[in-house]
Structures are given as structure tokens and as C-alpha cells.
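K.L.:
Quick one: the structure is below, and I'll ask about it shortly.
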Amino acid sequence: LEWAVPALAQLRPYQPGKPLAELERELGIRNAIKLASNENPLGPSPLALAAIDQALPSLALYPEGGAPQLRAALAAGLGVDPRQLIFGNGSDQIIELLCRCFAGPGKEVIVSQYAFAAYAIAARAVAATVREAPARAFGHDLDAMAGLINGHTRLIFIANPNNPTGTWLRTAELERFLASVPAHALVVIDEAYAELMEDPDYPSALDFLLRFENVVVLRTFSKAYGLAGLRCGYGVARMALIELLERMRQPFNVNSLAQVAALAALGDHEHLAATRDNNRSGLRALQRGLLALGLTTLPAAGNFITFFAPGGGRQVYEALLRRGVIVRPLEPYGLSEYLRVSVGTPEENQRFLQSLGEVLAS
Ligand code: PMP
């Protein structure tokens, strides 16, 4: 197969968290818990499930390509023009679209060390050169990133907060950085966890869209809205930029169930509030529990915490697996001494902490 595109030589498949069913089959157990992929432990909104039920008889029909109803509702909620939105099969697909539209051979894409892995994969897939800025205190070092900008730079990815390190940039520093970036470099601010961020100094990058033409904001229905399995994410940017992305988008990339479920989920404020409450108390419980076990953690943000695993992440990960608790090893990020745990229900958090305590004591 040596005639495949050369970019493939640099790529390895993204390693997702182990699926629950697969682990249960392997271990011959039935009550495993998965706290490995930053999903919503409360599940989707009941309104989303009802909307899916209602849409089932229409599955023989193609979805509406531009997701018009979801687009209108979301635009109204965000206070943007509907033409400023693009929907994807997960925000992953928008990351890929951005790379296909703006990067490519001879072009450069800037990421941070420890950044969410999908950026570099998508950039390498289009044969762009990936420049990685060293992290500062596990987070984005904006000065180091700015130092990598040159005439070939086309995309700069910033996850805010960053998965898996939980670090996040405050309004003022992000604003200062944006002011320094030339127009030919797009700054993609990935806010996958925005709905779960409660600090008043957490910037909504949507506010930057008015001031900076080269900003793209990414959001998703996979996290706070509990619809990871349906794959629906979106990008927000100025209209001219979205219009370019739309040319490259597959015509039916967001399936009809995802569209109706996302629309219904948007309207379920009660479920979102319950999700936030569970997340807030879960983060606190996990932080307290990890501290009580004498462990060091990186900042807790979004719906996950990364912690130092004495004895090595791989061993602790496997020992937890044998107890039916799936967390995320971070070797692909060069953080092999760390593990990431997602907030679960109170019972799941408790079981994780209990199991981790047993593992560390054994
Ligand atoms: N960005 C970040 C920072 C993420 O953590 C994730 C999911 N792990 C994504 C994007 C992708 O989300 P989606 O399910 O919308 O593709």
C-alpha cells in the first residue's frame, strides 16, 4: 500500500477510551464504570430522547444538510447570525474541516504541548507541518506559541480549558494574544467544556468574534449536553469564513437524530442545571478524595481531573481496570505518570476513589 498519501506515515490512530462493553466482556464482569471520556454521567436530556423517538419514523429520509432548526435556535441563544455557524459530526469534524480548508503542505499549524490530540492528527492528515510550543505549568504558553508564528502559519489551536491538563486561559491573556496574531493565522478556540466552566474569569470566546476577524470558536453537544454518541459539534466564526468551510462540508454530515436531539437538549435548561450541579459537586468530591489519598492533581476544569499516579499511570490504570473502573491513561500525551478521571455520578466517583485507594494500598 505504499501508494497511499505520504502524510499517513506520520499518523497513528487516535486512541479513545476503552468501550465499557468490551471491558466487561474481557473481564467477565457486568458492573464496570467508565470515567474515561469526559461524558455526561447523567446521560442525555429526556427531551432529547423523546425527540429522537419522534424522529425515528423519518429515518428513511436524508437529514437537512444545514440543520436549519438547530441553527436558528442556537444562533438566537448565542446572539450570532445563523450564517456564523457550521455544524459537524462532532466538533472533531470541524477541526478536520479547518485543516482541510486552511492548512496543507507547506502550511503550519501551531499547537501546545499536551494539547488535545485531535489537532495534530488533523493537521498531519493534510500534510501540514505541526509546530508544538512547550507548555508552561502544563498549560498553553501563549508567548511560546506567538514565537512560532511565521508567514506560513494558518491555524493556531487553543483548547480552553485544555483536555487533558485542565489548564485554562483568562480573558485578559487571551485577548492580548489575539491582538498579536496576524490576520493570516486563524486562532481556533476550542470550548468543548464551556457550559461546565463556572469561574467568572472564564472568557467566552464568542465575545472576541466581534473584535478579531481571525477567531473560530468550537463547541460540542458531547459534553454538558450528554450526546457524545450522536456526534454533533459546531463552529462559530465570521460569515465569510464559515462560508468557506461550508464549501468543504459533506452535505449530510450531521444525522437527523443528532439534529433533533441537540435542538431538544438546548431547550432543556433543567437537565443542564442538573448536569452542572452534579459536575460541580463531583469535581469537588474527586479533588477532595484524591487529596485525601495524598495525590497531586492538575487543575480541575470542565468535567475531568488529571492526577499523578504513583508507580506509573499504566500500572494504576490496569489495576483499576481489574476492579471494573475505566479511567484514561495519558501516554499518548507524554504524560505517562498521570491518569485522567471524568466526573461520574456520586456513586461512581465514590467507587473510583475507593478502588484507587485499594490499588494504592496494595
Ligand atoms: N475538543 C476537546 C478539547 C475535547 O476534549 C473533545 C472531546 N474529547 C473534543 C474537542 C471533541 O468533541 P466532539 O465529541 O464534539 O468531537
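Lettering and numbering for the C-alpha cells are positional, with chains as A, B, ... in the shown order, residues counted from 1 in each chain, and ligands counted from 1 in the shown order.
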Enumerate the residues of region 100-319 of chain A with a DSSP assignment of alpha helix (DSSP H), computed from the backbone, and present them as an MDAnalysis selection string.

P.N.:
chainID A and resid 100:102 118:125 142:147 171:180 239:248 256:267 269:292 313:319

K.L.:
Please tabulate, as CSV, the residues of chain A that come within 6 Å of ligand 1, each with its closest pair of atoms and the distance in Å to one decimal, counting only C-alpha atoms and all ligand atoms and ordering rows by chain, then residue number upward.

P.N.:
```
residue,atom,partner,partner_atom_place_in_ligand_line,distance
A:Gly90,CA,ligand 1,16 (O),3.5
A:Ser91,CA,ligand 1,15 (O),3.6
A:Asp92,CA,ligand 1,16 (O),3.8
A:Phe116,CA,ligand 1,3 (C),5.5
A:Ala159,CA,ligand 1,3 (C),5.2
A:Asn162,CA,ligand 1,3 (C),5.7
A:Asn163,CA,ligand 1,3 (C),5.0
A:Asp190,CA,ligand 1,1 (N),5.8
A:Ala192,CA,ligand 1,1 (N),5.0
A:Thr220,CA,ligand 1,15 (O),4.4
A:Ser222,CA,ligand 1,14 (O),4.8
A:Ala228,CA,ligand 1,14 (O),5.4
A:Arg231,CA,ligand 1,14 (O),5.9
A:Cys232,CA,ligand 1,15 (O),5.9
A:Gly233,CA,ligand 1,15 (O),4.6
```

K.L.:
Show me a table, sorted first by chain and then by increasing residue number, of the residues of region 63-115 of chain A having an atom at most 10 Å from region 262-286 of chain A, each with its shortest atom pair and the distance in Å to one decimal, counting only C-alpha atoms and written as a tab-separated table.

P.N.:
```
residue	atom	partner	partner_atom	distance
A:Ala67	CA	A:Leu263	CA	9.6
A:Gln69	CA	A:Leu263	CA	7.4
A:Leu70	CA	A:Leu263	CA	5.1
A:Arg71	CA	A:Leu263	CA	8.7
A:Ala72	CA	A:Leu263	CA	9.6
A:Ala73	CA	A:Leu263	CA	7.2
A:Leu74	CA	A:Leu266	CA	7.7
A:Gly77	CA	A:Leu266	CA	8.8
```

K.L.:
With only C-alpha atoms as the basis for distance, which of A:Pro332, A:Pro19, A:Gly66, A:Pro161 is at the shortest distance from Ala300 (chain A)?

P.N.:
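The answer is A:Pro161, which sits nearest to Ala300 (chain A).
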
K.L.:
Based on the backbone DSSP call, show me all residues of region 91-136 of chain A assigned strand (DSSP E), as a ChimeraX atom specification.

P.N.:
/A:108-112,129-133

K.L.:
Mind dumping the selected residues with N, CA and C atoms as a short mmCIF file (atom, residue, chain, number, x, y, z; two decimals), in the first residue's frame?

P.N.:
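Saved as part-v4.cif:
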```cif
data_model
loop_
_atom_site.label_atom_id
_atom_site.label_comp_id
_atom_site.auth_asym_id
_atom_site.auth_seq_id
_atom_site.Cartn_x
_atom_site.Cartn_y
_atom_site.Cartn_z
N GLU A 108 1.64 25.80 8.15
CA GLU A 108 1.98 25.39 9.51
C GLU A 108 0.80 25.56 10.48
N VAL A 109 0.75 24.63 11.42
CA VAL A 109 -0.31 24.63 12.42
C VAL A 109 0.36 24.61 13.79
N ILE A 110 -0.04 25.53 14.65
CA ILE A 110 0.60 25.63 15.97
C ILE A 110 -0.31 25.01 17.03
N VAL A 111 0.27 24.14 17.82
CA VAL A 111 -0.44 23.55 18.97
C VAL A 111 0.47 23.70 20.19
N SER A 112 -0.09 23.41 21.34
CA SER A 112 0.72 23.42 22.56
C SER A 112 1.06 21.99 22.95
N THR A 129 2.61 21.14 8.47
CA THR A 129 3.67 20.98 9.47
C THR A 129 3.12 21.41 10.83
N VAL A 130 3.27 20.54 11.82
CA VAL A 130 2.77 20.87 13.16
C VAL A 130 3.92 21.44 13.98
N ARG A 131 3.72 22.62 14.53
CA ARG A 131 4.71 23.24 15.44
C ARG A 131 4.14 23.18 16.85
N GLU A 132 4.90 22.55 17.72
CA GLU A 132 4.40 22.40 19.09
C GLU A 132 5.16 23.31 20.04
N ALA A 133 4.44 24.19 20.71
CA ALA A 133 5.07 25.09 21.68
C ALA A 133 5.15 24.37 23.03
#
```
